[in-house]
Each structure stands twice: as C-alpha cells, then as structure tokens.
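Below: one structure, written as structure tokens.
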Amino acid sequence: MMLHKGKFNVLGVSVDALDYAYAVDSVLAAAKESRPFKVTALAVHGVMTGVMDPVHRWRLNGFDLVTPDGQPVRWALNLLHRTKLAKRVYGPDLTLHVCEAAAKDGIPVYFYGSRSEVLEALTSRLQAKFPELKIAGSAPSQFRQVSSDEKEQIAQKIRESGAGIVFVGLGCPRQEVFVHEFAEAIGKPLLAVGAAFDFHAGLKQQAPRWMQDRGLEWFFRLMQEPGRLWRRYLGLNSYFLILLFLQTIGLRRFSDGGSKPVAQVGYA
C-alpha cells in the first residue's frame, strides 16, 4: 500500500507526507517513461536552507518530491498539518529501496558526486548487495562551478551511459541546485541523497537505529564531526524549533513562493 497525503508547508518549504513505497514507485515510473523527476530528502538543515534563501526555496518548491528525511521534519508535518505520518523517508534508506527496485526492473543507475574513491567503494558495495543492479556509470564532483559547455558535457555523459535513474551526492544545498539545473538536460529522475554515498560506501558510520528513531541522529553526527557541524546543528536546529513554534501558534506565516533564480549557479 502506497501513501501520499500531499505537500505541506513547513516554514515555507513544501514537504511531501508520503512513504517509501510511493517515493520508489514514483521514481521508477518516471525512469520507465524517461522523463525528468526531481527528488530530495530534507532534514532540518535542508529545510532551513530554503527558509533563509528565497531563491533556494523557489528551487525546492519546484521539486516533484521533497521527502521528510529527518525525524524533526516528520514531526513538523504531524504537528502543523496532522498528517499522522508514522515514518520518515530517509535519504540513505530511500537509496537502497530505489536500487533494489531498479535491480528487479533492470533499470541502470548512475552516481554523480563526492570523490572517486567514495564512488568506487559505493558502487562495489551496492553491486554486492544487489547483484542484479546495473550500474551505468559514475562521476566525481568537480567541486567548482562549471561553464555551460561543461554542463552539457556532464549531462551528455550521463545520457549516453544509458542510466535510467541518477543519484546525486554533493551535499546540501549544492546537490539540490544540481538537480534543479540538470534535470531537464539529463531527462531522467535525479535524487539528491546527500550522506548516502559516504554511508553506503562504508566511510561514515550511521547513527544506531534507536537514535535515528528518536531524532538524535544529529547528535551522533555532531559527536563525530564537532568542528564542522556544531554551527549547523546547534544554531540551525534551535532556529528551526523557534520558527516551528511560531508557525504552529499562528504568529508567523511562511510563504512558499520564493524568488525565481535569475542565473544558474553551475556547481558540479
């Protein structure tokens, strides 16, 4: 049974109340029809990038699916809109579900982003987990902005690989910008899945399931990388809670409009 209750405003970002089955079925349907389909899985940090940047909010609200990657985002859906969503749709788990379904249906997949050594480990481990998975190719991030000619070369390489589904791991918000700017040129479903590359490559440890279920994954990652993540988690998480409280009691309304980009970023 698939579940999709619609899109709902969480601090101005339209988040889908859905389950894994609906997300996977939607991605596979788009792949079989060879059409663009933009997906991202947002935790608190991802939502807050849209809150603080109206241009990025416009991009996010143009995605076909924005899944509640973090437990606090799922809780926000339930608190604000009474969605009664029982589970989040977590990017790393969504990656595995889509790969499993793609393997069964013979749809080749492609991985874009991160570093060459991460991609090598990622594709090797996924191939071992899903022996029938067809991996059309992979390419590491260039970690810079690219020209329009370079963008076309990247898109052409992915198109010519025969990939039906593309996973993008560039980190938030760069990966969502990439998906937004490359979707039409590639013409396939693109999924921004963030840390899934490092997790499934075996290079970063995921939080224990009990911590994930209680919304403590952020704390686990903070303890692993305090120097890099303390501002994100302690600052943004607190700001998220304050704004969520204001939206809940009706003291602040958040527009889901945003501002259309006047130029492409071109980060790849």
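Residues are referred to by chain and number: the chain letter is A, B, ... according to the order shown in the structure tokens, the number counts from 1 in that chain, and ligands are numbered separately from 1 in the order shown.
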Just the strand (DSSP E or B) stuff from segment 79-205 of chain A, please, per backbone DSSP, written as a ChimeraX atom specification.
/A:109-113,135-139,145,165-169,189-192
The selected residues should be written to file as a CSV table (one decimal), in the first residue's frame (atoms: N, CA, C and O atoms).
```csv
chain,number,residue,atom,x,y,z
A,109,VAL,N,21.5,2.5,-13.1
A,109,VAL,CA,21.6,3.7,-12.3
A,109,VAL,C,22.9,4.3,-12.4
A,109,VAL,O,23.9,3.7,-12.9
A,110,TYR,N,23.0,5.6,-12.1
A,110,TYR,CA,24.3,6.4,-12.2
A,110,TYR,C,24.5,7.1,-10.9
A,110,TYR,O,23.5,7.6,-10.3
A,111,PHE,N,25.7,7.3,-10.5
A,111,PHE,CA,26.0,8.1,-9.3
A,111,PHE,C,26.9,9.3,-9.6
A,111,PHE,O,28.0,9.1,-10.2
A,112,TYR,N,26.5,10.4,-9.2
A,112,TYR,CA,27.3,11.7,-9.5
A,112,TYR,C,27.6,12.4,-8.2
A,112,TYR,O,26.6,12.6,-7.4
A,113,GLY,N,28.8,12.7,-8.0
A,113,GLY,CA,29.2,13.5,-6.8
A,113,GLY,C,30.3,12.8,-6.0
A,113,GLY,O,30.8,11.7,-6.3
A,135,ILE,N,24.8,-0.8,-13.0
A,135,ILE,CA,25.4,0.5,-12.7
A,135,ILE,C,26.0,1.0,-14.0
A,135,ILE,O,26.9,0.5,-14.6
A,136,ALA,N,25.3,2.0,-14.6
A,136,ALA,CA,25.6,2.6,-15.9
A,136,ALA,C,26.9,3.4,-15.8
A,136,ALA,O,27.6,3.5,-16.8
A,137,GLY,N,27.2,3.9,-14.6
A,137,GLY,CA,28.4,4.7,-14.5
A,137,GLY,C,28.4,5.6,-13.3
A,137,GLY,O,27.5,5.6,-12.5
A,138,SER,N,29.5,6.3,-13.1
A,138,SER,CA,29.6,7.3,-12.0
A,138,SER,C,30.6,8.3,-12.4
A,138,SER,O,31.5,8.1,-13.3
A,139,ALA,N,30.5,9.5,-11.7
A,139,ALA,CA,31.5,10.6,-11.9
A,139,ALA,C,31.6,11.4,-10.7
A,139,ALA,O,30.6,11.7,-10.1
A,145,GLN,N,32.3,25.6,-9.9
A,145,GLN,CA,31.3,25.9,-10.8
A,145,GLN,C,31.8,25.6,-12.2
A,145,GLN,O,33.0,25.7,-12.5
A,165,ILE,N,18.1,6.2,-13.8
A,165,ILE,CA,18.0,6.9,-12.6
A,165,ILE,C,19.4,7.4,-12.2
A,165,ILE,O,20.4,6.7,-12.3
A,166,VAL,N,19.4,8.7,-11.7
A,166,VAL,CA,20.7,9.3,-11.3
A,166,VAL,C,20.6,9.7,-9.8
A,166,VAL,O,19.7,10.4,-9.4
A,167,PHE,N,21.6,9.2,-9.0
A,167,PHE,CA,21.7,9.6,-7.6
A,167,PHE,C,22.8,10.7,-7.6
A,167,PHE,O,23.9,10.6,-8.2
A,168,VAL,N,22.5,11.8,-6.8
A,168,VAL,CA,23.4,12.9,-6.7
A,168,VAL,C,23.8,13.1,-5.2
A,168,VAL,O,23.0,13.2,-4.3
A,169,GLY,N,25.1,13.1,-5.0
A,169,GLY,CA,25.6,13.3,-3.6
A,169,GLY,C,26.6,14.4,-3.6
A,169,GLY,O,27.9,14.1,-3.7
A,189,PRO,N,15.0,10.8,-13.8
A,189,PRO,CA,14.8,11.1,-12.4
A,189,PRO,C,16.2,11.3,-11.7
A,189,PRO,O,17.1,10.6,-12.0
A,190,LEU,N,16.3,12.4,-11.0
A,190,LEU,CA,17.5,12.7,-10.2
A,190,LEU,C,17.1,12.8,-8.8
A,190,LEU,O,16.2,13.5,-8.4
A,191,LEU,N,17.9,12.1,-7.9
A,191,LEU,CA,17.7,12.0,-6.5
A,191,LEU,C,18.8,12.6,-5.7
A,191,LEU,O,20.0,12.1,-5.8
A,192,ALA,N,18.6,13.7,-5.0
A,192,ALA,CA,19.6,14.3,-4.1
A,192,ALA,C,19.6,13.5,-2.8
A,192,ALA,O,18.6,13.7,-2.0
```
When DSSP works through the backbone of this structure, what residues of segment 21-265 of chain A end up as alpha helix (DSSP H), shown as a PyMOL selection string?
chain A and resi 21-32+44-52+54-60+71-81+91-105+116-129+148-160+174-186+196-200+209-213+217-224+226-230+237-248
Store the residues of this selection in a file with C-alpha atoms, as a compact mmCIF listing (two decimals), in the first residue's frame.
```
# COMPACT_ATOMS: atom_id res chain seq x y z
CA ALA A 21 6.57 2.74 -1.45
CA TYR A 22 5.10 5.87 -3.01
CA ALA A 23 8.51 7.51 -3.45
CA VAL A 24 10.05 4.43 -5.06
CA ASP A 25 7.06 3.84 -7.33
CA SER A 26 7.13 7.48 -8.48
CA VAL A 27 10.85 7.35 -9.29
CA LEU A 28 10.55 4.06 -11.16
CA ALA A 29 7.56 5.31 -13.15
CA ALA A 30 9.50 8.39 -14.25
CA ALA A 31 12.51 6.24 -15.16
CA LYS A 32 10.40 3.94 -17.32
CA VAL A 44 16.33 20.26 9.30
CA HIS A 45 19.42 21.71 7.61
CA GLY A 46 17.87 21.23 4.19
CA VAL A 47 14.61 22.89 5.18
CA MET A 48 16.48 25.81 6.72
CA THR A 49 18.42 26.45 3.51
CA GLY A 50 15.05 27.19 1.95
CA VAL A 51 13.93 29.31 4.90
CA MET A 52 16.97 31.57 4.72
CA PRO A 54 14.17 32.65 -1.04
CA VAL A 55 15.87 31.70 -4.31
CA HIS A 56 16.68 28.25 -2.99
CA ARG A 57 13.17 27.95 -1.54
CA TRP A 58 11.84 28.54 -5.06
CA ARG A 59 14.03 25.68 -6.31
CA LEU A 60 12.96 23.29 -3.56
CA GLN A 71 12.55 12.93 12.24
CA PRO A 72 12.04 16.61 13.25
CA VAL A 73 10.73 17.32 9.74
CA ARG A 74 8.29 14.41 10.05
CA TRP A 75 7.24 15.67 13.49
CA ALA A 76 6.70 19.12 12.00
CA LEU A 77 4.38 17.66 9.34
CA ASN A 78 2.38 15.90 12.04
CA LEU A 79 2.29 18.91 14.35
CA LEU A 80 1.37 21.53 11.76
CA HIS A 81 -0.83 19.54 9.42
CA GLY A 91 17.66 9.52 2.00
CA PRO A 92 20.11 6.64 2.64
CA ASP A 93 17.27 4.14 3.04
CA LEU A 94 15.45 5.55 0.00
CA THR A 95 18.65 5.00 -1.98
CA LEU A 96 18.64 1.31 -1.08
CA HIS A 97 14.93 0.91 -1.82
CA VAL A 98 15.30 2.53 -5.24
CA CYS A 99 18.40 0.46 -6.07
CA GLU A 100 16.58 -2.72 -5.10
CA ALA A 101 13.58 -1.84 -7.28
CA ALA A 102 15.82 -0.74 -10.17
CA ALA A 103 17.69 -4.06 -9.98
CA LYS A 104 14.44 -6.00 -10.19
CA ASP A 105 13.22 -3.97 -13.16
CA SER A 116 36.43 8.83 -6.95
CA GLU A 117 37.42 6.63 -4.01
CA VAL A 118 33.98 7.06 -2.44
CA LEU A 119 32.26 6.14 -5.71
CA GLU A 120 34.43 3.06 -6.15
CA ALA A 121 33.55 1.78 -2.69
CA LEU A 122 29.90 2.76 -3.06
CA THR A 123 29.33 1.01 -6.39
CA SER A 124 31.26 -2.08 -5.26
CA ARG A 125 29.23 -2.47 -2.09
CA LEU A 126 25.90 -1.81 -3.82
CA GLN A 127 26.77 -4.34 -6.53
CA ALA A 128 27.48 -6.90 -3.83
CA LYS A 129 24.21 -6.12 -2.05
CA SER A 148 27.57 25.98 -19.88
CA ASP A 149 29.71 23.85 -22.23
CA GLU A 150 30.98 21.76 -19.33
CA LYS A 151 27.46 21.37 -18.03
CA GLU A 152 26.33 19.97 -21.37
CA GLN A 153 29.28 17.57 -21.39
CA ILE A 154 28.33 16.27 -17.94
CA ALA A 155 24.68 15.87 -18.97
CA GLN A 156 25.65 14.20 -22.25
CA LYS A 157 27.91 11.71 -20.50
CA ILE A 158 25.07 10.73 -18.16
CA ARG A 159 22.56 10.48 -21.01
CA GLU A 160 24.90 8.35 -23.11
CA ARG A 174 24.64 22.09 -3.75
CA GLN A 175 23.03 18.79 -4.68
CA GLU A 176 19.55 20.34 -4.83
CA VAL A 177 20.92 23.13 -7.04
CA PHE A 178 22.47 20.47 -9.31
CA VAL A 179 19.21 18.53 -9.55
CA HIS A 180 17.27 21.70 -10.31
CA GLU A 181 19.69 22.86 -13.01
CA PHE A 182 20.44 19.49 -14.65
CA ALA A 183 17.05 17.76 -14.56
CA GLU A 184 15.84 18.87 -17.99
CA ALA A 185 19.23 18.40 -19.66
CA ILE A 186 19.53 14.82 -18.37
CA ALA A 196 24.01 8.25 1.49
CA PHE A 197 27.15 7.98 -0.65
CA ASP A 198 29.51 8.01 2.35
CA PHE A 199 27.27 5.77 4.44
CA HIS A 200 26.82 3.07 1.82
CA ARG A 209 18.62 2.86 14.76
CA TRP A 210 17.37 3.76 18.24
CA MET A 211 18.97 7.20 17.93
CA GLN A 212 17.53 7.67 14.44
CA ASP A 213 14.05 6.78 15.65
CA GLU A 217 20.96 11.35 14.54
CA TRP A 218 22.13 14.96 14.52
CA PHE A 219 23.75 14.45 17.93
CA PHE A 220 25.54 11.30 16.76
CA ARG A 221 26.96 13.11 13.72
CA LEU A 222 27.86 16.14 15.83
CA MET A 223 29.96 13.94 18.10
CA GLN A 224 31.75 12.54 15.06
CA PRO A 226 32.04 18.64 16.03
CA GLY A 227 34.30 21.17 14.34
CA ARG A 228 32.41 21.01 11.05
CA LEU A 229 28.86 20.51 12.26
CA TRP A 230 28.36 22.39 15.53
CA ASN A 237 18.23 23.26 14.97
CA SER A 238 17.40 25.89 17.60
CA TYR A 239 16.27 28.37 14.96
CA PHE A 240 14.13 25.66 13.32
CA LEU A 241 12.37 24.95 16.62
CA ILE A 242 11.71 28.64 17.28
CA LEU A 243 10.24 29.18 13.81
CA LEU A 244 8.23 25.97 14.02
CA PHE A 245 6.71 27.14 17.31
CA LEU A 246 5.78 30.49 15.74
CA GLN A 247 4.17 28.78 12.74
CA THR A 248 2.31 26.35 14.98
```
Closest to Ser114 of chain A among A:Gly162, A:Pro140, A:Pro36, A:Gly266, using only C-alpha atoms?
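Selected residue with least distance to Ser114 of chain A: A:Pro140.
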Go through A:Leu18, A:Leu133, A:Ala43, A:Val13 and flag the residue nearest Leu216 of chain A, using only C-alpha atoms for the distances.
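So, comparing all the options, the nearest one is A:Ala43.
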So the first atom is atom CA of Gly164 of chain A and the second is atom CA of Lys38 of chain A; what is the distance between them in Å, to one decimal place?
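Result for atom CA of Gly164 of chain A versus atom CA of Lys38 of chain A: 13.2 Å, one decimal.
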